[in-house]
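Here's start_17.pdb, which has PDB, C-alpha atoms:
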ATOM      1  CA  MET W   1      19.684  14.228 -24.550  1.00  0.00           C
ATOM      2  CA  ALA W   2      23.137  15.046 -23.228  1.00  0.00           C
ATOM      3  CA  ARG W   3      23.766  14.626 -19.580  1.00  0.00           C
ATOM      4  CA  GLY W   4      24.488  17.729 -17.539  1.00  0.00           C
ATOM      5  CA  ASN W   5      27.166  18.134 -14.912  1.00  0.00           C
ATOM      6  CA  ALA W   6      26.578  16.051 -11.815  1.00  0.00           C
ATOM      7  CA  PRO W   7      25.282  18.082  -8.894  1.00  0.00           C
ATOM      8  CA  SER W   8      27.357  18.490  -5.789  1.00  0.00           C
ATOM      9  CA  ASP W   9      24.743  16.737  -3.645  1.00  0.00           C
ATOM     10  CA  ASN W  10      23.035  13.493  -4.551  1.00  0.00           C
ATOM     11  CA  SER W  11      19.538  14.074  -3.218  1.00  0.00           C
ATOM     12  CA  GLU W  12      17.134  16.979  -2.929  1.00  0.00           C
ATOM     13  CA  SER W  13      14.441  17.655  -0.351  1.00  0.00           C
ATOM     14  CA  PRO W  14      10.827  17.086  -1.444  1.00  0.00           C
ATOM     15  CA  SER W  15       9.331  20.066  -3.236  1.00  0.00           C
ATOM     16  CA  GLY W  16       6.097  21.050  -4.940  1.00  0.00           C
ATOM     17  CA  PRO W  17       2.710  21.962  -3.448  1.00  0.00           C
ATOM     18  CA  GLU W  18       2.994  22.548   0.303  1.00  0.00           C
ATOM     19  CA  THR W  19       0.604  19.736   1.220  1.00  0.00           C
ATOM     20  CA  PRO W  20       2.295  16.789   2.980  1.00  0.00           C
ATOM     21  CA  SER W  21      -0.681  14.519   2.286  1.00  0.00           C
ATOM     22  CA  LEU W  22      -0.183  14.832  -1.498  1.00  0.00           C
ATOM     23  CA  PRO W  23       1.464  11.878  -3.255  1.00  0.00           C
ATOM     24  CA  LEU W  24       5.243  12.098  -3.508  1.00  0.00           C
ATOM     25  CA  ILE W  25       6.896  11.282  -6.829  1.00  0.00           C
ATOM     26  CA  HIS W  26      10.509  10.096  -6.516  1.00  0.00           C
ATOM     27  CA  ILE W  27      12.694  10.968  -9.505  1.00  0.00           C
ATOM     28  CA  VAL W  28      15.829   8.811  -9.601  1.00  0.00           C
ATOM     29  CA  ASP W  29      18.213   9.842 -12.374  1.00  0.00           C
ATOM     30  CA  ASP W  30      21.868  10.920 -12.511  1.00  0.00           C
ATOM     31  CA  ASP W  31      21.185  13.456 -15.295  1.00  0.00           C
ATOM     32  CA  PRO W  32      20.367  16.882 -13.756  1.00  0.00           C
ATOM     33  CA  LEU W  33      18.674  18.059 -16.957  1.00  0.00           C
ATOM     34  CA  ILE W  34      16.306  15.061 -17.070  1.00  0.00           C
ATOM     35  CA  CYS W  35      15.589  15.555 -13.374  1.00  0.00           C
ATOM     36  CA  LYS W  36      14.773  19.219 -13.969  1.00  0.00           C
ATOM     37  CA  VAL W  37      12.390  18.406 -16.834  1.00  0.00           C
ATOM     38  CA  LEU W  38      10.606  15.592 -14.961  1.00  0.00           C
ATOM     39  CA  LYS W  39      10.374  17.687 -11.812  1.00  0.00           C
ATOM     40  CA  ALA W  40       8.729  20.560 -13.718  1.00  0.00           C
ATOM     41  CA  ILE W  41       6.240  18.258 -15.452  1.00  0.00           C
ATOM     42  CA  VAL W  42       5.279  16.356 -12.299  1.00  0.00           C
ATOM     43  CA  GLU W  43       4.859  19.465 -10.151  1.00  0.00           C
ATOM     44  CA  ALA W  44       2.789  21.091 -12.906  1.00  0.00           C
ATOM     45  CA  GLY W  45       0.514  18.059 -12.544  1.00  0.00           C
ATOM     46  CA  GLY W  46      -0.037  18.927  -8.881  1.00  0.00           C
ATOM     47  CA  TRP W  47       2.202  16.375  -7.152  1.00  0.00           C
ATOM     48  CA  ARG W  48       5.208  16.739  -4.873  1.00  0.00           C
ATOM     49  CA  THR W  49       8.629  15.587  -6.043  1.00  0.00           C
ATOM     50  CA  ALA W  50      11.840  14.306  -4.481  1.00  0.00           C
ATOM     51  CA  VAL W  51      14.928  14.126  -6.715  1.00  0.00           C
ATOM     52  CA  HIS W  52      17.669  11.545  -6.127  1.00  0.00           C
ATOM     53  CA  HIS W  53      20.758  11.507  -8.320  1.00  0.00           C
ATOM     54  CA  SER W  54      21.668   7.868  -7.704  1.00  0.00           C
ATOM     55  CA  ALA W  55      19.872   4.627  -6.892  1.00  0.00           C
ATOM     56  CA  GLU W  56      22.048   4.128  -3.820  1.00  0.00           C
ATOM     57  CA  VAL W  57      21.075   7.485  -2.298  1.00  0.00           C
ATOM     58  CA  PHE W  58      17.401   6.867  -3.030  1.00  0.00           C
ATOM     59  CA  LEU W  59      17.444   3.434  -1.381  1.00  0.00           C
ATOM     60  CA  ALA W  60      19.371   4.723   1.627  1.00  0.00           C
ATOM     61  CA  GLY W  61      16.592   7.123   2.557  1.00  0.00           C
ATOM     62  CA  HIS W  62      13.575   5.329   1.118  1.00  0.00           C
ATOM     63  CA  GLN W  63      10.504   4.601   3.225  1.00  0.00           C
ATOM     64  CA  ASP W  64       6.974   3.736   2.056  1.00  0.00           C
ATOM     65  CA  GLY W  65       5.525   6.458   4.247  1.00  0.00           C
ATOM     66  CA  CYS W  66       3.124   8.028   1.774  1.00  0.00           C
ATOM     67  CA  PRO W  67       1.525   7.198  -1.579  1.00  0.00           C
ATOM     68  CA  GLY W  68       3.266   8.093  -4.806  1.00  0.00           C
ATOM     69  CA  CYS W  69       5.545   6.363  -7.298  1.00  0.00           C
ATOM     70  CA  VAL W  70       9.147   6.121  -8.478  1.00  0.00           C
ATOM     71  CA  LEU W  71      10.405   7.369 -11.848  1.00  0.00           C
ATOM     72  CA  LEU W  72      13.540   5.272 -12.162  1.00  0.00           C
ATOM     73  CA  ASP W  73      16.226   5.754 -14.800  1.00  0.00           C
ATOM     74  CA  MET W  74      17.360   2.477 -16.333  1.00  0.00           C
ATOM     75  CA  ARG W  75      21.032   3.352 -16.826  1.00  0.00           C
ATOM     76  CA  MET W  76      22.979   5.097 -14.056  1.00  0.00           C
ATOM     77  CA  PRO W  77      26.550   4.883 -12.744  1.00  0.00           C
ATOM     78  CA  GLY W  78      26.818   2.403  -9.900  1.00  0.00           C
ATOM     79  CA  MET W  79      23.548   0.590  -9.262  1.00  0.00           C
ATOM     80  CA  ASN W  80      21.380   0.633 -12.366  1.00  0.00           C
ATOM     81  CA  GLY W  81      17.612   0.938 -12.484  1.00  0.00           C
ATOM     82  CA  LEU W  82      16.953  -2.772 -12.848  1.00  0.00           C
ATOM     83  CA  ASP W  83      18.989  -3.631  -9.768  1.00  0.00           C
ATOM     84  CA  CYS W  84      17.297  -0.829  -7.842  1.00  0.00           C
ATOM     85  CA  LEU W  85      13.906  -2.240  -8.854  1.00  0.00           C
ATOM     86  CA  ARG W  86      14.944  -5.671  -7.605  1.00  0.00           C
ATOM     87  CA  GLU W  87      16.054  -4.195  -4.288  1.00  0.00           C
ATOM     88  CA  LEU W  88      12.699  -2.423  -3.863  1.00  0.00           C
ATOM     89  CA  LYS W  89      11.002  -5.735  -4.551  1.00  0.00           C
ATOM     90  CA  LYS W  90      13.108  -7.433  -1.842  1.00  0.00           C
ATOM     91  CA  ARG W  91      11.999  -4.736   0.595  1.00  0.00           C
ATOM     92  CA  ASN W  92       8.337  -5.322  -0.306  1.00  0.00           C
ATOM     93  CA  SER W  93       7.954  -1.697  -1.339  1.00  0.00           C
ATOM     94  CA  ALA W  94       4.387  -0.843  -2.310  1.00  0.00           C
ATOM     95  CA  LEU W  95       5.361   2.123  -4.490  1.00  0.00           C
ATOM     96  CA  PRO W  96       4.718   1.590  -8.217  1.00  0.00           C
ATOM     97  CA  VAL W  97       7.897   1.910 -10.278  1.00  0.00           C
ATOM     98  CA  VAL W  98       8.015   3.492 -13.732  1.00  0.00           C
ATOM     99  CA  MET W  99      11.179   2.941 -15.741  1.00  0.00           C
ATOM    100  CA  VAL W 100      12.730   5.822 -17.709  1.00  0.00           C
ATOM    101  CA  THR W 101      14.551   4.356 -20.700  1.00  0.00           C
ATOM    102  CA  GLY W 102      16.474   5.187 -23.851  1.00  0.00           C
ATOM    103  CA  HIS W 103      15.758   3.859 -27.318  1.00  0.00           C
ATOM    104  CA  ALA W 104      18.398   1.130 -26.961  1.00  0.00           C
ATOM    105  CA  ASP W 105      17.010  -0.234 -23.681  1.00  0.00           C
ATOM    106  CA  VAL W 106      14.309  -2.526 -25.108  1.00  0.00           C
ATOM    107  CA  GLU W 107      15.765  -5.723 -23.637  1.00  0.00           C
ATOM    108  CA  LEU W 108      16.289  -4.149 -20.208  1.00  0.00           C
ATOM    109  CA  THR W 109      12.785  -2.679 -20.291  1.00  0.00           C
ATOM    110  CA  VAL W 110      11.284  -6.116 -20.925  1.00  0.00           C
ATOM    111  CA  LYS W 111      13.278  -7.487 -17.986  1.00  0.00           C
ATOM    112  CA  ALA W 112      12.101  -4.636 -15.767  1.00  0.00           C
ATOM    113  CA  MET W 113       8.454  -5.270 -16.625  1.00  0.00           C
ATOM    114  CA  LYS W 114       8.933  -8.946 -15.737  1.00  0.00           C
ATOM    115  CA  GLU W 115      10.501  -7.860 -12.436  1.00  0.00           C
ATOM    116  CA  GLY W 116       7.401  -5.866 -11.535  1.00  0.00           C
ATOM    117  CA  ALA W 117       7.778  -2.400 -13.062  1.00  0.00           C
ATOM    118  CA  LEU W 118       4.366  -0.851 -13.668  1.00  0.00           C
ATOM    119  CA  ASP W 119       5.182   1.003 -16.897  1.00  0.00           C
ATOM    120  CA  PHE W 120       7.901   2.903 -18.732  1.00  0.00           C
ATOM    121  CA  PHE W 121       8.464   5.932 -20.929  1.00  0.00           C
ATOM    122  CA  GLU W 122      11.291   6.799 -23.262  1.00  0.00           C
ATOM    123  CA  LYS W 123      13.656   9.732 -23.466  1.00  0.00           C
ATOM    124  CA  PRO W 124      13.258  12.396 -24.707  1.00  0.00           C
ATOM    125  CA  VAL W 125      10.223  12.629 -22.456  1.00  0.00           C
ATOM    126  CA  THR W 126       6.939  14.297 -23.339  1.00  0.00           C
ATOM    127  CA  ALA W 127       4.727  15.955 -20.755  1.00  0.00           C
ATOM    128  CA  ALA W 128       1.593  14.135 -21.918  1.00  0.00           C
ATOM    129  CA  ARG W 129       3.181  10.688 -21.558  1.00  0.00           C
ATOM    130  CA  VAL W 130       4.776  11.460 -18.200  1.00  0.00           C
ATOM    131  CA  LEU W 131       1.513  12.782 -16.748  1.00  0.00           C
ATOM    132  CA  GLU W 132      -0.444   9.813 -18.105  1.00  0.00           C
ATOM    133  CA  VAL W 133       1.896   7.269 -16.539  1.00  0.00           C
ATOM    134  CA  VAL W 134       2.279   9.112 -13.232  1.00  0.00           C
ATOM    135  CA  ARG W 135      -1.468   9.599 -12.873  1.00  0.00           C
ATOM    136  CA  HIS W 136      -2.061   5.855 -13.312  1.00  0.00           C
ATOM    137  CA  ALA W 137       0.711   4.956 -10.861  1.00  0.00           C
ATOM    138  CA  VAL W 138      -0.551   7.412  -8.246  1.00  0.00           C
ATOM    139  CA  ASP W 139      -4.122   6.102  -8.539  1.00  0.00           C
ATOM    140  CA  LEU W 140      -2.868   2.581  -7.826  1.00  0.00           C
ATOM    141  CA  SER W 141      -0.707   3.781  -4.952  1.00  0.00           C
ATOM    142  CA  LEU W 142      -3.567   5.717  -3.336  1.00  0.00           C
ATOM    143  CA  ALA W 143      -5.820   2.659  -3.538  1.00  0.00           C
ATOM    144  CA  GLU W 144      -3.170   0.430  -1.951  1.00  0.00           C
ATOM    145  CA  HIS W 145      -2.381   3.015   0.715  1.00  0.00           C
ATOM    146  CA  GLY W 146      -6.047   3.280   1.668  1.00  0.00           C
ATOM    147  CA  SER W 147      -6.442  -0.482   1.755  1.00  0.00           C
ATOM    148  CA  CYS W 148      -3.434  -0.880   4.066  1.00  0.00           C
ATOM    149  CA  ALA W 149      -4.778   1.838   6.370  1.00  0.00           C
ATOM    150  CA  ASN W 150      -8.171   0.101   6.543  1.00  0.00           C
ATOM    151  CA  ARG W 151      -6.573  -3.250   7.351  1.00  0.00           C
ATOM    152  CA  ALA W 152      -4.460  -1.658  10.095  1.00  0.00           C
ATOM    153  CA  LYS W 153      -7.536   0.027  11.572  1.00  0.00           C
ATOM    154  CA  THR W 154      -9.474  -3.244  11.512  1.00  0.00           C
ATOM    155  CA  GLU W 155      -6.638  -5.053  13.266  1.00  0.00           C
ATOM    156  CA  ARG W 156      -6.576  -2.410  16.002  1.00  0.00           C
ATOM    157  CA  LEU W 157     -10.333  -2.696  16.502  1.00  0.00           C
ATOM    158  CA  LEU W 158     -10.237  -6.506  16.634  1.00  0.00           C
ATOM    159  CA  ALA W 159      -7.364  -6.409  19.105  1.00  0.00           C
ATOM    160  CA  ALA W 160      -9.631  -4.565  21.541  1.00  0.00           C
ATOM    161  CA  LEU W 161     -12.098  -7.475  21.683  1.00  0.00           C
ATOM    162  CA  THR W 162     -12.013  -9.971  24.530  1.00  0.00           C
ATOM    163  CA  PRO W 163     -11.654 -13.700  23.720  1.00  0.00           C
ATOM    164  CA  ARG W 164     -15.374 -14.254  24.401  1.00  0.00           C
ATOM    165  CA  GLU W 165     -16.316 -11.295  22.208  1.00  0.00           C
ATOM    166  CA  ARG W 166     -14.238 -12.789  19.414  1.00  0.00           C
ATOM    167  CA  GLN W 167     -16.075 -16.061  19.745  1.00  0.00           C
ATOM    168  CA  VAL W 168     -19.427 -14.291  19.607  1.00  0.00           C
ATOM    169  CA  LEU W 169     -18.286 -12.245  16.619  1.00  0.00           C
ATOM    170  CA  GLN W 170     -17.212 -15.404  14.821  1.00  0.00           C
ATOM    171  CA  ARG W 171     -20.654 -16.977  15.279  1.00  0.00           C
ATOM    172  CA  ILE W 172     -22.561 -13.812  14.411  1.00  0.00           C
ATOM    173  CA  CYS W 173     -20.694 -13.362  11.141  1.00  0.00           C
ATOM    174  CA  ARG W 174     -21.542 -16.952  10.203  1.00  0.00           C
ATOM    175  CA  GLY W 175     -25.175 -15.915  10.363  1.00  0.00           C
ATOM    176  CA  GLU W 176     -26.091 -17.582  13.655  1.00  0.00           C
ATOM    177  CA  ILE W 177     -28.873 -16.088  15.746  1.00  0.00           C
ATOM    178  CA  ASN W 178     -28.302 -15.283  19.421  1.00  0.00           C
ATOM    179  CA  LYS W 179     -29.992 -18.488  20.574  1.00  0.00           C
ATOM    180  CA  ALA W 180     -27.685 -20.654  18.430  1.00  0.00           C
ATOM    181  CA  VAL W 181     -24.612 -18.720  19.577  1.00  0.00           C
ATOM    182  CA  ALA W 182     -25.625 -19.243  23.194  1.00  0.00           C
ATOM    183  CA  ARG W 183     -26.056 -22.973  22.655  1.00  0.00           C
ATOM    184  CA  HIS W 184     -22.685 -23.395  20.939  1.00  0.00           C
ATOM    185  CA  LEU W 185     -20.785 -21.375  23.545  1.00  0.00           C
ATOM    186  CA  GLY W 186     -22.631 -22.721  26.570  1.00  0.00           C
ATOM    187  CA  ILE W 187     -23.774 -19.324  27.811  1.00  0.00           C
ATOM    188  CA  SER W 188     -27.150 -17.649  28.200  1.00  0.00           C
ATOM    189  CA  GLU W 189     -28.851 -15.829  25.369  1.00  0.00           C
ATOM    190  CA  LYS W 190     -28.851 -12.673  27.479  1.00  0.00           C
ATOM    191  CA  THR W 191     -25.056 -12.894  27.820  1.00  0.00           C
ATOM    192  CA  VAL W 192     -24.744 -13.253  24.049  1.00  0.00           C
ATOM    193  CA  GLU W 193     -26.808 -10.082  23.631  1.00  0.00           C
ATOM    194  CA  VAL W 194     -24.464  -8.218  25.967  1.00  0.00           C
ATOM    195  CA  HIS W 195     -21.339  -9.434  24.132  1.00  0.00           C
ATOM    196  CA  ARG W 196     -22.928  -8.686  20.779  1.00  0.00           C
ATOM    197  CA  ALA W 197     -23.724  -5.123  21.803  1.00  0.00           C
ATOM    198  CA  ARG W 198     -20.150  -4.622  23.013  1.00  0.00           C
ATOM    199  CA  VAL W 199     -18.732  -6.010  19.753  1.00  0.00           C
ATOM    200  CA  MET W 200     -20.932  -3.705  17.692  1.00  0.00           C
ATOM    201  CA  SER W 201     -19.855  -0.752  19.807  1.00  0.00           C
ATOM    202  CA  LYS W 202     -16.133  -1.529  19.731  1.00  0.00           C
ATOM    203  CA  LEU W 203     -16.132  -2.053  15.964  1.00  0.00           C
ATOM    204  CA  ASN W 204     -18.346   0.986  15.349  1.00  0.00           C
ATOM    205  CA  ALA W 205     -20.825  -1.201  13.454  1.00  0.00           C
ATOM    206  CA  LYS W 206     -24.426  -0.179  12.926  1.00  0.00           C
ATOM    207  CA  SER W 207     -25.735  -3.467  11.476  1.00  0.00           C
ATOM    208  CA  LEU W 208     -24.714  -7.066  10.763  1.00  0.00           C
ATOM    209  CA  ALA W 209     -23.836  -6.150   7.165  1.00  0.00           C
ATOM    210  CA  ASP W 210     -21.748  -3.261   8.452  1.00  0.00           C
ATOM    211  CA  LEU W 211     -20.037  -5.585  10.932  1.00  0.00           C
ATOM    212  CA  ILE W 212     -19.064  -8.101   8.254  1.00  0.00           C
ATOM    213  CA  ARG W 213     -17.825  -5.335   5.959  1.00  0.00           C
ATOM    214  CA  ILE W 214     -15.630  -3.902   8.714  1.00  0.00           C
ATOM    215  CA  VAL W 215     -14.129  -7.260   9.624  1.00  0.00           C
ATOM    216  CA  GLN W 216     -13.514  -8.357   6.039  1.00  0.00           C
ATOM    217  CA  GLY W 217     -12.065  -5.029   4.951  1.00  0.00           C
ATOM    218  CA  ASP W 218     -11.811  -3.770   1.383  1.00  0.00           C
ATOM    219  CA  GLY W 219      -9.626  -6.582   0.102  1.00  0.00           C
ATOM    220  CA  PRO W 220      -7.928  -9.873   0.939  1.00  0.00           C
ATOM    221  CA  ALA W 221      -6.239  -9.766   4.323  1.00  0.00           C
ATOM    222  CA  ASP W 222      -2.730 -10.877   5.130  1.00  0.00           C
ATOM    223  CA  PRO W 223      -2.357 -14.473   6.383  1.00  0.00           C
ATOM    224  CA  GLU W 224      -2.082 -13.229   9.987  1.00  0.00           C
ATOM    225  CA  THR W 225      -5.074 -10.896   9.688  1.00  0.00           C
ATOM    226  CA  PRO W 226      -8.282 -12.280  11.266  1.00  0.00           C
ATOM    227  CA  THR W 227     -10.982 -12.696   8.620  1.00  0.00           C
ATOM    228  CA  ILE W 228     -14.526 -13.922   8.337  1.00  0.00           C
ATOM    229  CA  ASP W 229     -15.281 -16.336   5.483  1.00  0.00           C
ATOM    230  CA  THR W 230     -19.043 -16.802   5.356  1.00  0.00           C
ATOM    231  CA  ALA W 231     -18.700 -19.279   2.501  1.00  0.00           C
ATOM    232  CA  LYS W 232     -16.948 -21.738   4.808  1.00  0.00           C
ATOM    233  CA  PRO W 233     -18.988 -22.121   7.996  1.00  0.00           C
ATOM    234  CA  ASP W 234     -16.481 -24.545   9.496  1.00  0.00           C
ATOM    235  CA  ALA W 235     -13.480 -22.339   8.827  1.00  0.00           C
ATOM    236  CA  LYS W 236     -11.470 -21.220  11.842  1.00  0.00           C
ATOM    237  CA  VAL W 237     -11.644 -17.436  11.946  1.00  0.00           C
ATOM    238  CA  LEU W 238     -10.480 -14.850  14.416  1.00  0.00           C
ATOM    239  CA  PRO W 239      -7.996 -17.293  15.990  1.00  0.00           C
ATOM    240  CA  LEU W 240      -7.871 -17.014  19.752  1.00  0.00           C
ATOM    241  CA  ARG W 241      -4.307 -16.666  20.955  1.00  0.00           C
ATOM    242  CA  THR W 242      -5.245 -15.128  24.268  1.00  0.00           C
ATOM    243  CA  PRO W 243      -6.085 -16.864  27.587  1.00  0.00           C
ATOM    244  CA  PRO W 244      -9.467 -18.628  27.804  1.00  0.00           C
ATOM    245  CA  PRO W 245     -12.460 -16.358  28.536  1.00  0.00           C
ATOM    246  CA  ARG W 246     -13.488 -15.831  32.100  1.00  0.00           C
TER     247      ARG W 246
END
What would the structure in this file look like if it were written as structure tokens?
Amino acid sequence: MARGNAPSDNSESPSGPETPSLPLIHIVDDDPLICKVLKAIVEAGGWRTAVHHSAEVFLAGHQDGCPGCVLLDMRMPGMNGLDCLRELKKRNSALPVVMVTGHADVELTVKAMKEGALDFFEKPVTAARVLEVVRHAVDLSLAEHGSCANRAKTERLLAALTPRERQVLQRICRGEINKAVARHLGISEKTVEVHRARVMSKLNAKSLADLIRIVQGDGPADPETPTIDTAKPDAKVLPLRTPPPR
């Protein structure tokens, strides 16, 4: 498909359904005609779009603020798609990247997949293929976005606990009864009950199973995220980096 005349500006404001919470699909291609076709297909699928006519402009304004994906042309003047993909990887971007390629880009496509691209589709594009790939990418992005939000919420809840409450939480999630917790911490069983009630309240937990689920989250936590590993009773969890309890 022949390339159209380059537009006077290099980036366009997000458009599509007027719902900011909807996933945003970034279209990065220097060909205005390809951008127009992809934009129409994606918005017909119910998603918002943002068009960028160069990799440099896209990267300059890029933030992982909402779920979505990137439809990234392989060959563009200046920074090409592969280099743009590598830069996104350096920035730890969570957005799935789909490469848009030509028939002669087999070698580059293989390299892009090895660099972390989720999928690709060839020009001339078909609506069915574009929608299939975008739908898969958006599903992955929504799942990751929700997982990150849950981890952030858990970290905020844990940060509200006192050092002693963290110690009690650690013992409770190992399956220890109040009497055993009291013995290990050198406090009365009544005091353990008070701390336990406060922990349950602060973490909005209704039961022990609920408590463990909240603390563990929906997936593996980052190295700095406090976790509970019930399979390793001697593991150090919820590290205390605050002053000793009073």
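Each of W:Lys111, W:Arg86, W:Lys36, W:Arg213 was compared to W:Arg151 using all atoms listed in the file, and W:Arg213 turns out to be the nearest.
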Pick from W:His62, W:His53, W:Arg135, W:Lys202: nearest to W:Ser93, with all atoms listed in the file counted?
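The shortest atom-to-atom distance to W:Ser93 comes from W:His62.
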Exactly which residues make up the result of the PyMOL selection byres ((chain W and resi 162-168) around 6) on this file, given as an MDAnalysis selection string?
chainID W and resid 161 169:171 195 245
Taken to one decimal, the atom CA of W:Val138-atom CA of W:Gln63 distance is 16.2 Å
Report the residues retrieved by the PyMOL selection byres ((chain W and resi 42) around 12) from the displayed file, expressed as a ChimeraX atom specification.
/W:15-17,23-27,35-41,43-51,68-71,125-135,138
Proximity to W:Val106 - best of W:Arg91, W:Asn80, W:Glu122, W:Met200, all atoms listed in the file:
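Result for the nearest residue to W:Val106: W:Glu122.
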Using only C-alpha atoms for the distances, tell me which of W:Pro124, W:Gly186, W:Gly81, W:Pro96 is nearest to W:Leu108.
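Using only C-alpha atoms, W:Leu108 sits closest to W:Gly81.
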In Å, how far is it from atom CA of W:Leu88 to atom CA of W:Gly61?
12.1 Å
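Going from atom CA of W:Leu142 to atom CA of W:Ser201 covers 29.0 Å.
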Using only C-alpha atoms: which of W:Glu176, W:Glu155, W:Glu193, W:Asp31 has the shortest distance to W:Asp73:
W:Asp31
Listed atoms of stretch 82-91 of chain W boxed axis-aligned with 4 Å per side, centre + edges as AutoDock Vina command-line options:
--center_x 15.0 --center_y -4.1 --center_z -6.1 --size_x 16.0 --size_y 14.6 --size_z 21.4
Would you kindly translate the PyMOL selection byres ((chain W and resi 103) around 12) into the concrete residues it picks from this file, as a PDB file with C-alpha atoms, in the coordinates of the input?
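Final file, out_6.pdb:
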ATOM      1  CA  MET W   1      19.684  14.228 -24.550  1.00  0.00           C
ATOM      2  CA  MET W  74      17.360   2.477 -16.333  1.00  0.00           C
ATOM      3  CA  ARG W  75      21.032   3.352 -16.826  1.00  0.00           C
ATOM      4  CA  VAL W 100      12.730   5.822 -17.709  1.00  0.00           C
ATOM      5  CA  THR W 101      14.551   4.356 -20.700  1.00  0.00           C
ATOM      6  CA  GLY W 102      16.474   5.187 -23.851  1.00  0.00           C
ATOM      7  CA  ALA W 104      18.398   1.130 -26.961  1.00  0.00           C
ATOM      8  CA  ASP W 105      17.010  -0.234 -23.681  1.00  0.00           C
ATOM      9  CA  VAL W 106      14.309  -2.526 -25.108  1.00  0.00           C
ATOM     10  CA  GLU W 107      15.765  -5.723 -23.637  1.00  0.00           C
ATOM     11  CA  LEU W 108      16.289  -4.149 -20.208  1.00  0.00           C
ATOM     12  CA  THR W 109      12.785  -2.679 -20.291  1.00  0.00           C
ATOM     13  CA  PHE W 120       7.901   2.903 -18.732  1.00  0.00           C
ATOM     14  CA  PHE W 121       8.464   5.932 -20.929  1.00  0.00           C
ATOM     15  CA  GLU W 122      11.291   6.799 -23.262  1.00  0.00           C
ATOM     16  CA  LYS W 123      13.656   9.732 -23.466  1.00  0.00           C
ATOM     17  CA  PRO W 124      13.258  12.396 -24.707  1.00  0.00           C
ATOM     18  CA  VAL W 125      10.223  12.629 -22.456  1.00  0.00           C
TER      19      VAL W 125
END
Could you check which residues have any atom within 6 Å of (19.7, 1.7, -4.1), counting all atoms listed in the file with coordinates taken straight from the file, and then list them as a ChimeraX atom specification?
/W:55-56,58-59,84
Given the choices W:Leu82, W:Cys66, W:Leu157, W:Ile177, which gets closest to W:Ala143 if the distance is worked out from all atoms listed in the file?
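Looking at the shortest contact to W:Ala143, the residue is W:Cys66.
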So which residues fall inside 8 Å of (-25.9, -12.1, 22.8) if we count only C-alpha atoms? Mind giving them as an MDAnalysis selection string?
chainID W and resid 168 178:179 181:182 188:197
